[in-house]
Structure formats: C-alpha cells, structure tokens
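Note sheet for the following structure.
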Amino acid sequence: MAEGDLGRKLSPVDSREAALAFIRTLGADDRLPAAADLPDAHSALVRAVLSSTAVSTSPAPRVSCTITVSPAVTNSYNTLHGGAVAAVAEAVGMACARAAAGDKEMFLGELSTAYLAAARLHSEVDVEAQILRKGRSVVVTTIEFRLKDTKKLCYTSRATFYIMPTASL
C-alpha cells in the first residue's frame, strides 16, 4: 500500500495484509523461548523481577517489594508491560491477603489497575500492598507501584480475593 493510499478504502486482501504486517511488527509471529513452555513459567518470570523488601502483620498486614524492570517484562516502548503490572499486582496482593487471612485457600476474583505513568527499562519500582477490607470470605487489597527514585505513583491496583469455604462435618 502506497503512502498516498491512506484515504481510500482497503480491499479485503489489502486490509488482511496491512493487519498481518502490523502484527509482525509487534513480534507476534516470533517463537517463544523453550523456557516459556516449562510448567510454572509465568510464576518464575514474576519471581525473577520481584524482590521482597518487607512483610509486616501488625498493626495491619503490609507487603513491600521492589521490581527491577528488565527486558523480559517490557513492551515495544521499553516500559513495563501491562500484563507484568497485573501479574505482579496479583502476586503481591495475594501475599498481603495471606498475611491477613492466614494460610486459607483463596482465589483472585477481581483485579483492576490504573496505568498512570510508565516505568522505563532498568528502572526500579517500589510495590506496596495493604489490606483495604477483610471479611469472613473476602480480602480486598490495594497495591501501589511507585518509581523508586522519584516516588511518583505509576500504577495502582485493587485486588479482591475470595476465601474458599471449608468443608464442615
């Protein structure tokens, strides 16, 4: 498609070719490394970028971690990938929820994230989760991501974890 053709309607064949070219520029047809096929590869990737700095249980449970933004978790703009933000929010939020509820079986029911600013490649980000609300069957956590050098809030999440009921005899 030539540069002057931007105003005309694309044929189905041209539209398909343009869409495939765009997808190729994103790297969607690249092969994944063999390590990505291993069991629990997703969790290993999250653990690789996350380091725990503090866990406190009183007066209210709080979990603090640091992320170093590596090439493995960046997007094509060399900033922290949105999926990595969500995965870290889930992991840190779950750790905080477990600190509050004990070692009960629970699952993530809802996760919402606001993307306020970008964390660039090789930057460090402080992540802190704390309990917003805790009930008999639910724990709600808030997770804040702040750039380590400026303390600027770049992402914020809210995660709701549901505690599985235990069987009573």
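Each chain in the structure tokens gets a letter, A, B, ..., in the order shown, and its residues are numbered from 1; ligands are numbered from 1 in order too.
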Report as an mmCIF file with C-alpha atoms, in the first residue's frame all protein, DNA and RNA residues lying within 9 Å of segment 158-166 of chain A, evaluated on only C-alpha atoms, omitting residues in the same chain fewer than 6 positions from it.
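Output file result35.cif is given in full below:
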```
data_model
loop_
_atom_site.group_PDB
_atom_site.id
_atom_site.type_symbol
_atom_site.label_atom_id
_atom_site.label_comp_id
_atom_site.auth_asym_id
_atom_site.auth_seq_id
_atom_site.Cartn_x
_atom_site.Cartn_y
_atom_site.Cartn_z
ATOM 1 C CA ALA A 89 -0.158 -6.871 41.482
ATOM 2 C CA GLU A 90 -1.782 -10.289 41.801
ATOM 3 C CA GLY A 93 -1.749 -8.652 46.655
ATOM 4 C CA MET A 94 -2.071 -12.404 47.302
ATOM 5 C CA ALA A 97 -4.109 -11.257 51.658
ATOM 6 C CA ALA A 101 -6.245 -14.324 56.395
ATOM 7 C CA LYS A 104 -6.527 -20.347 53.775
ATOM 8 C CA GLU A 105 -7.356 -21.410 50.250
ATOM 9 C CA MET A 106 -8.319 -18.319 48.216
ATOM 10 C CA PHE A 107 -8.541 -17.145 44.621
ATOM 11 C CA LEU A 108 -8.388 -13.846 42.766
ATOM 12 C CA GLY A 109 -11.897 -12.729 41.912
ATOM 13 C CA GLU A 110 -11.291 -9.204 40.615
ATOM 14 C CA LEU A 111 -8.292 -7.089 39.692
ATOM 15 C CA SER A 112 -8.448 -3.522 38.445
ATOM 16 C CA THR A 113 -5.383 -1.483 37.556
ATOM 17 C CA LEU A 132 -8.319 -2.301 52.347
ATOM 18 C CA ARG A 136 -15.031 -13.775 56.647
ATOM 19 C CA SER A 137 -14.957 -14.752 52.967
ATOM 20 C CA VAL A 138 -13.221 -11.854 51.198
ATOM 21 C CA VAL A 139 -9.993 -9.857 51.401
ATOM 22 C CA VAL A 140 -9.545 -6.654 49.388
ATOM 23 C CA THR A 141 -6.030 -5.260 48.886
ATOM 24 C CA THR A 142 -4.658 -2.113 47.330
ATOM 25 C CA ILE A 143 -1.329 -2.244 45.517
ATOM 26 C CA GLU A 144 0.708 0.855 44.657
#
```
For this session: Determine which residues of chain A receive a DSSP assignment of alpha helix (DSSP H), computed from the backbone, and state them as a PyMOL selection string.
Result: chain A and resi 12-25+41-49+82-101
Excluding Val63 of chain A and residues on its chain fewer than 3 positions from it, collect all residues at most 9 Å away from it, counting only C-alpha atoms, and give them as a PDB file with N, CA, C and O atoms, in the first residue's frame.
```
ATOM      1  N   SER A  52      11.434  -9.223  47.555  1.00  0.00           N
ATOM      2  CA  SER A  52      10.702  -8.819  48.748  1.00  0.00           C
ATOM      3  C   SER A  52      11.572  -7.917  49.617  1.00  0.00           C
ATOM      4  O   SER A  52      12.746  -8.185  49.815  1.00  0.00           O
ATOM      5  N   THR A  53      10.997  -6.835  50.116  1.00  0.00           N
ATOM      6  CA  THR A  53      11.753  -5.950  51.000  1.00  0.00           C
ATOM      7  C   THR A  53      11.222  -5.976  52.432  1.00  0.00           C
ATOM      8  O   THR A  53      11.994  -5.823  53.363  1.00  0.00           O
ATOM      9  N   ALA A  54       9.907  -6.170  52.611  1.00  0.00           N
ATOM     10  CA  ALA A  54       9.359  -6.215  53.973  1.00  0.00           C
ATOM     11  C   ALA A  54       7.968  -6.838  53.968  1.00  0.00           C
ATOM     12  O   ALA A  54       7.191  -6.638  53.040  1.00  0.00           O
ATOM     13  N   VAL A  55       7.696  -7.577  55.021  1.00  0.00           N
ATOM     14  CA  VAL A  55       6.365  -8.115  55.264  1.00  0.00           C
ATOM     15  C   VAL A  55       6.054  -7.834  56.728  1.00  0.00           C
ATOM     16  O   VAL A  55       6.829  -8.198  57.610  1.00  0.00           O
ATOM     17  N   SER A  56       4.962  -7.139  56.987  1.00  0.00           N
ATOM     18  CA  SER A  56       4.563  -6.881  58.370  1.00  0.00           C
ATOM     19  C   SER A  56       3.128  -7.329  58.563  1.00  0.00           C
ATOM     20  O   SER A  56       2.318  -7.262  57.641  1.00  0.00           O
ATOM     21  N   THR A  57       2.826  -7.789  59.755  1.00  0.00           N
ATOM     22  CA  THR A  57       1.464  -8.250  60.037  1.00  0.00           C
ATOM     23  C   THR A  57       0.723  -7.369  61.026  1.00  0.00           C
ATOM     24  O   THR A  57      -0.467  -7.522  61.195  1.00  0.00           O
ATOM     25  N   VAL A  92       1.722  -9.842  44.679  1.00  0.00           N
ATOM     26  CA  VAL A  92       1.960  -9.074  45.903  1.00  0.00           C
ATOM     27  C   VAL A  92       0.649  -8.924  46.691  1.00  0.00           C
ATOM     28  O   VAL A  92       0.639  -9.019  47.920  1.00  0.00           O
ATOM     29  N   GLY A  93      -0.449  -8.719  45.986  1.00  0.00           N
ATOM     30  CA  GLY A  93      -1.749  -8.652  46.655  1.00  0.00           C
ATOM     31  C   GLY A  93      -2.105  -9.953  47.349  1.00  0.00           C
ATOM     32  O   GLY A  93      -2.613  -9.962  48.473  1.00  0.00           O
ATOM     33  N   ALA A  95       0.048 -12.192  48.496  1.00  0.00           N
ATOM     34  CA  ALA A  95       0.912 -12.321  49.669  1.00  0.00           C
ATOM     35  C   ALA A  95       0.353 -11.518  50.842  1.00  0.00           C
ATOM     36  O   ALA A  95       0.343 -11.993  51.984  1.00  0.00           O
ATOM     37  N   CYS A  96      -0.141 -10.341  50.557  1.00  0.00           N
ATOM     38  CA  CYS A  96      -0.723  -9.492  51.609  1.00  0.00           C
ATOM     39  C   CYS A  96      -2.022 -10.111  52.144  1.00  0.00           C
ATOM     40  O   CYS A  96      -2.255 -10.138  53.346  1.00  0.00           O
ATOM     41  N   ALA A  99      -1.209 -12.885  54.409  1.00  0.00           N
ATOM     42  CA  ALA A  99      -0.732 -12.388  55.699  1.00  0.00           C
ATOM     43  C   ALA A  99      -1.909 -12.005  56.588  1.00  0.00           C
ATOM     44  O   ALA A  99      -1.834 -12.131  57.811  1.00  0.00           O
ATOM     45  N   VAL A 127       6.843  -1.534  45.200  1.00  0.00           N
ATOM     46  CA  VAL A 127       5.468  -2.034  45.166  1.00  0.00           C
ATOM     47  C   VAL A 127       5.039  -2.285  46.604  1.00  0.00           C
ATOM     48  O   VAL A 127       5.755  -2.944  47.359  1.00  0.00           O
ATOM     49  N   GLU A 128       3.887  -1.738  46.978  1.00  0.00           N
ATOM     50  CA  GLU A 128       3.400  -1.949  48.338  1.00  0.00           C
ATOM     51  C   GLU A 128       1.929  -2.336  48.309  1.00  0.00           C
ATOM     52  O   GLU A 128       1.115  -1.669  47.661  1.00  0.00           O
ATOM     53  N   ALA A 129       1.612  -3.420  49.006  1.00  0.00           N
ATOM     54  CA  ALA A 129       0.227  -3.881  49.117  1.00  0.00           C
ATOM     55  C   ALA A 129      -0.207  -3.761  50.567  1.00  0.00           C
ATOM     56  O   ALA A 129       0.582  -4.007  51.486  1.00  0.00           O
ATOM     57  N   GLN A 130      -1.449  -3.372  50.747  1.00  0.00           N
ATOM     58  CA  GLN A 130      -2.010  -3.323  52.097  1.00  0.00           C
ATOM     59  C   GLN A 130      -3.485  -3.704  52.035  1.00  0.00           C
ATOM     60  O   GLN A 130      -4.109  -3.655  50.981  1.00  0.00           O
TER      61      GLN A 130
END
```
Problem set entry | Residue nearest Ala91 of chain A - candidates A:Val73, A:Lys134, A:Asp37, A:Ser157, atoms counted: only C-alpha atoms |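 Closest residue, counting only C-alpha atoms: A:Ser157.
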For this session: Within segment 15-147 of chain A, find each residue whose DSSP state, derived from the backbone, is strand (DSSP E or B), and express the selection as a VMD selection string.
Result: chain A and resid 50 to 56 62 to 68 74 79 to 80 106 to 115 120 124 to 134 138 to 147
For this session: Tell me which protein, DNA and RNA residues are within 9 Å of Ser51 of chain A, counting only C-alpha atoms, leaving out same-chain ones fewer than 2 positions away, and put them as a ChimeraX atom specification.
Result: /A:47-49,53,64-68
For this session: Counting only C-alpha atoms, figure out which residue out of A:Val69, A:Arg146, A:Leu45, A:Asn75 gets nearest to Ala87 of chain A.
Result: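 Ranked by minimum distance to Ala87 of chain A, first place goes to A:Leu45.
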